[in-house]
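Novice: This is the structure I want to talk about, given as structure tokens.
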Amino acid sequence: MVASLPPGSRPRRMSPCRGLRAAVAASVGLSEGSAGSARSGRLLRPPSTSPVAPGARLLRLPGSGAVRAASSECAGWTETLRAAVAELRAGAVVAVPTDTLYGLACSASCSAALGDVYRLKGRSEAKPLAVCLGRVADVYRYCHVRVPEELLKDLLPGPVTLVMERSEELNRDLNPFTPLVGIRIPDHAFMQDLAQVFGGPLALTSANVSSQTSSLNVKEFQDLWPQLSLVIDGGPIGDGQSPEYRLGSTVVDLSVPGRFGIIRPGCALESTTAILQQKYGLLPSDGTCS
């Protein structure tokens, strides 16, 4: 995924909509944070309100999707969140905004949906998909963590992907060729709400055909709309056009205790390596840029 945020500070944002996640979870028959529910049950898709192509519809987030809606706009935020959760529960692929690029998300527990992502992107099945979670505490369920919790909290949420050894909780059909998995917690309010209300891991990859330019607004992947169930428009990411905003998240291998490896430099390389080396004393692996 690509960065819209420069590798600087990431202020925590407080939601003005009290009880939003719980209300949405109840409205779609879910319990907030119930990861087990991701493996069972299918919800009927809510009626389409803004058809953009056969099988797809467009919903626009109020304001900026990176910041939770103001109280006067909570209804629109909740409606979009509800629709996205329902589509994901139904095994659909949904286009979403993040703190980096626009992405494609599906339930990581739904093997058919994982296959759909590879098919519509034309992506090699040998290339792994990242997993999007809603909070740092969830990382421990899906990964074997070998770094301090403070390190995770220093980097997450943010424009980084942390690669660690996967746990047995993840669907075996998700990246079956590797014992590792990349974890994302975007610094993006809607994506955090979505992951937490959904209650299970989301597979996440960039919203573009493989080898083509990544997307900073929904029109840039319009050719994929007919193959999607829902397109969520959170507005342009970054300035919407500069190449540096298309670098993707910085991907860091933390699977070896005491060391880190840079798999992709991405948008937050300098700040990430500074934290890993200077604050936590991790050593770069051979061949890692630092």
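Identifiers in the structure tokens: chain A, B, ... in order shown; residue index from 1 per chain; ligand index from 1 in order shown.
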Using the chain letters and numbers from this document, which residues of stretch 130-223 of chain A does DSSP assign to alpha helix (DSSP H), as a PyMOL selection string?

Specialist: chain A and resi 136-142+149-155+189-198

Novice: For stretch 167-181 of chain A, list every protein, DNA or RNA residue within 12 Å, evaluated using only C-alpha atoms, and leave out those in the same chain fewer than 4 positions away; present the list as a VMD selection string.

Specialist: chain A and resid 35 to 36 38 to 39 106 to 115 117 to 118 124 to 132 138 to 145 161 to 163 200 to 204 251 to 256

Novice: Selection from above, N, CA and C atoms, as a short mmCIF file (atom, residue, chain, number, x, y, z; two decimals), in the first residue's frame, can you write it?

Specialist:
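Okay, result_20.cif is ready:
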```cif
data_model
loop_
_atom_site.label_atom_id
_atom_site.label_comp_id
_atom_site.auth_asym_id
_atom_site.auth_seq_id
_atom_site.Cartn_x
_atom_site.Cartn_y
_atom_site.Cartn_z
N ALA A 35 -13.83 -12.09 16.63
CA ALA A 35 -13.10 -12.62 15.49
C ALA A 35 -13.66 -13.95 15.04
N GLY A 36 -14.18 -14.73 15.96
CA GLY A 36 -14.71 -16.02 15.57
C GLY A 36 -15.87 -15.91 14.61
N ALA A 38 -16.10 -14.21 12.11
CA ALA A 38 -15.65 -14.06 10.72
C ALA A 38 -15.68 -15.38 9.99
N ARG A 39 -15.78 -16.49 10.72
CA ARG A 39 -15.71 -17.80 10.09
C ARG A 39 -17.10 -18.39 9.84
N CYS A 106 -10.94 -8.11 1.60
CA CYS A 106 -11.91 -9.20 1.70
C CYS A 106 -11.65 -9.93 3.01
N SER A 107 -12.55 -10.79 3.39
CA SER A 107 -12.34 -11.58 4.59
C SER A 107 -11.18 -12.54 4.37
N ALA A 108 -10.19 -12.49 5.26
CA ALA A 108 -9.05 -13.40 5.15
C ALA A 108 -9.45 -14.83 5.48
N SER A 109 -10.64 -15.01 6.06
CA SER A 109 -11.13 -16.33 6.40
C SER A 109 -11.96 -16.95 5.28
N CYS A 110 -12.19 -16.21 4.21
CA CYS A 110 -13.01 -16.69 3.09
C CYS A 110 -12.10 -17.05 1.93
N SER A 111 -11.91 -18.34 1.71
CA SER A 111 -10.97 -18.79 0.67
C SER A 111 -11.43 -18.37 -0.72
N ALA A 112 -12.74 -18.39 -0.96
CA ALA A 112 -13.24 -18.00 -2.28
C ALA A 112 -12.96 -16.53 -2.55
N ALA A 113 -13.12 -15.69 -1.53
CA ALA A 113 -12.85 -14.26 -1.71
C ALA A 113 -11.37 -14.01 -1.97
N LEU A 114 -10.50 -14.76 -1.30
CA LEU A 114 -9.06 -14.62 -1.56
C LEU A 114 -8.76 -14.94 -3.02
N GLY A 115 -9.38 -15.99 -3.55
CA GLY A 115 -9.18 -16.33 -4.95
C GLY A 115 -9.69 -15.24 -5.87
N VAL A 117 -9.70 -12.03 -5.28
CA VAL A 117 -8.73 -10.93 -5.28
C VAL A 117 -7.60 -11.21 -6.26
N TYR A 118 -7.05 -12.41 -6.21
CA TYR A 118 -5.96 -12.75 -7.13
C TYR A 118 -6.44 -12.70 -8.58
N SER A 124 -0.03 -12.92 -9.27
CA SER A 124 0.55 -14.24 -9.08
C SER A 124 0.17 -14.78 -7.71
N GLU A 125 -0.25 -16.03 -7.66
CA GLU A 125 -0.63 -16.62 -6.39
C GLU A 125 0.57 -16.87 -5.48
N ALA A 126 1.76 -16.65 -6.00
CA ALA A 126 2.96 -16.77 -5.18
C ALA A 126 3.27 -15.49 -4.41
N LYS A 127 2.49 -14.41 -4.68
CA LYS A 127 2.70 -13.15 -3.98
C LYS A 127 1.72 -13.06 -2.81
N PRO A 128 2.22 -12.83 -1.61
CA PRO A 128 1.33 -12.84 -0.45
C PRO A 128 0.45 -11.61 -0.35
N LEU A 129 -0.65 -11.77 0.38
CA LEU A 129 -1.53 -10.67 0.73
C LEU A 129 -1.28 -10.29 2.18
N ALA A 130 -1.34 -9.00 2.48
CA ALA A 130 -1.21 -8.55 3.86
C ALA A 130 -2.53 -8.75 4.59
N VAL A 131 -2.46 -8.68 5.90
CA VAL A 131 -3.65 -8.79 6.75
C VAL A 131 -3.84 -7.47 7.48
N CYS A 132 -5.05 -6.94 7.39
CA CYS A 132 -5.39 -5.69 8.07
C CYS A 132 -6.14 -6.01 9.36
N ASP A 138 -4.77 -7.26 18.56
CA ASP A 138 -5.15 -8.34 17.65
C ASP A 138 -3.94 -9.03 17.03
N VAL A 139 -2.82 -8.33 16.97
CA VAL A 139 -1.62 -8.90 16.35
C VAL A 139 -1.22 -10.19 17.05
N TYR A 140 -1.39 -10.24 18.35
CA TYR A 140 -0.96 -11.41 19.11
C TYR A 140 -1.80 -12.64 18.83
N ARG A 141 -2.98 -12.47 18.33
CA ARG A 141 -3.82 -13.62 17.98
C ARG A 141 -3.38 -14.25 16.67
N TYR A 142 -2.93 -13.42 15.74
CA TYR A 142 -2.65 -13.92 14.39
C TYR A 142 -1.17 -14.06 14.08
N CYS A 143 -0.31 -13.66 15.02
CA CYS A 143 1.13 -13.75 14.81
C CYS A 143 1.83 -14.23 16.07
N HIS A 144 3.02 -14.82 15.87
CA HIS A 144 3.93 -15.09 16.98
C HIS A 144 4.87 -13.89 17.05
N VAL A 145 4.66 -13.06 18.05
CA VAL A 145 5.37 -11.78 18.15
C VAL A 145 6.66 -11.97 18.94
N THR A 161 4.08 -2.16 7.11
CA THR A 161 3.62 -3.54 7.15
C THR A 161 4.68 -4.34 7.90
N LEU A 162 4.28 -4.97 8.99
CA LEU A 162 5.22 -5.73 9.82
C LEU A 162 5.04 -7.21 9.52
N VAL A 163 6.13 -7.85 9.09
CA VAL A 163 6.09 -9.26 8.71
C VAL A 163 6.59 -10.10 9.88
N GLY A 200 -12.64 -9.75 12.47
CA GLY A 200 -11.68 -10.77 12.05
C GLY A 200 -10.67 -10.17 11.11
N PRO A 201 -9.67 -10.94 10.69
CA PRO A 201 -8.64 -10.40 9.80
C PRO A 201 -9.18 -10.14 8.41
N LEU A 202 -8.75 -9.02 7.83
CA LEU A 202 -9.08 -8.67 6.46
C LEU A 202 -7.84 -8.83 5.59
N ALA A 203 -7.96 -9.52 4.48
CA ALA A 203 -6.88 -9.53 3.50
C ALA A 203 -6.90 -8.20 2.78
N LEU A 204 -5.71 -7.63 2.54
CA LEU A 204 -5.63 -6.28 1.99
C LEU A 204 -4.50 -6.20 0.97
N VAL A 251 7.71 -2.11 4.27
CA VAL A 251 7.50 -3.50 4.68
C VAL A 251 8.75 -4.00 5.40
N VAL A 252 8.57 -4.40 6.67
CA VAL A 252 9.69 -4.77 7.54
C VAL A 252 9.52 -6.20 8.04
N ASP A 253 10.55 -7.01 7.87
CA ASP A 253 10.56 -8.37 8.39
C ASP A 253 11.06 -8.36 9.82
N LEU A 254 10.19 -8.74 10.76
CA LEU A 254 10.54 -8.81 12.17
C LEU A 254 10.47 -10.24 12.68
N SER A 255 10.63 -11.22 11.79
CA SER A 255 10.48 -12.62 12.18
C SER A 255 11.70 -13.20 12.87
N VAL A 256 12.86 -12.54 12.73
CA VAL A 256 14.09 -13.02 13.35
C VAL A 256 14.39 -12.17 14.58
#
```

Novice: With only C-alpha atoms as the basis for distance, which of A:Ser271, A:Gln278, A:Thr205, A:Ser242 is at the shortest distance from A:Leu104?

Specialist: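 Smallest distance to A:Leu104 is found for A:Thr205.
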
Novice: Return as a Markdown table the residues of stretch 70-126 of chain A lying at most 12 Å from stretch 215-220 of chain A, together with the closest atom-to-atom pair for each and the distance in Å to one decimal, counting only C-alpha atoms, with rows in chain order and ascending residue number.

Specialist:
```
| residue | atom | partner | partner_atom | distance |
| --- | --- | --- | --- | --- |
| A:Val94 | CA | A:Val218 | CA | 11.9 |
| A:Ala95 | CA | A:Val218 | CA | 8.4 |
| A:Val96 | CA | A:Val218 | CA | 8.9 |
| A:Pro97 | CA | A:Asn217 | CA | 8.3 |
| A:Thr98 | CA | A:Leu216 | CA | 9.6 |
| A:Asp99 | CA | A:Leu216 | CA | 10.2 |
| A:Thr100 | CA | A:Leu216 | CA | 8.1 |
| A:Leu101 | CA | A:Leu216 | CA | 5.6 |
| A:Tyr102 | CA | A:Ser215 | CA | 5.6 |
| A:Gly103 | CA | A:Ser215 | CA | 8.1 |
| A:Leu104 | CA | A:Ser215 | CA | 10.8 |
```

Novice: A:Ala105, A:Val93, A:Ala70, A:Ala83: which is nearest A:Ala195, counting only C-alpha atoms?

Specialist: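 Of all the options, A:Ala105 lies closest to A:Ala195.
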
Novice: Taking only C-alpha atoms into account, name the residue in A:Ser249, A:Glu87, A:Leu155, A:Leu228 that is nearest to A:Asp116.

Specialist: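 Counting only C-alpha atoms, the residue closest to A:Asp116 is A:Leu228.
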
Novice: Using DSSP on the backbone coordinates, identify all residues within stretch 39-273 of chain A classified as strand (DSSP E); present the result as a PyMOL selection string.

Specialist: chain A and resi 51-53+56-60+94-97+102-107+130-132+143-144+160-166+180-184+202-206+230-233+250-253+259-264

Novice: Just give me the gap between atom CA of A:Leu59 and atom CA of A:Leu120 in Å, one decimal is fine.

Specialist: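 Atom-to-atom, atom CA of A:Leu59 to atom CA of A:Leu120, that is 20.7 Å.
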
Novice: Atom CA of A:Gly158 and atom CA of A:Gln277, how far apart in Å?

Specialist: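 Taking atom CA of A:Gln277 and atom CA of A:Gly158, their separation equals 17.8 Å.
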
Novice: Any idea what the distance is between atom CA of A:Asp239 and atom CA of A:Thr272?

Specialist: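 One can read the atom CA of A:Asp239 to atom CA of A:Thr272 distance as 22.6 Å.
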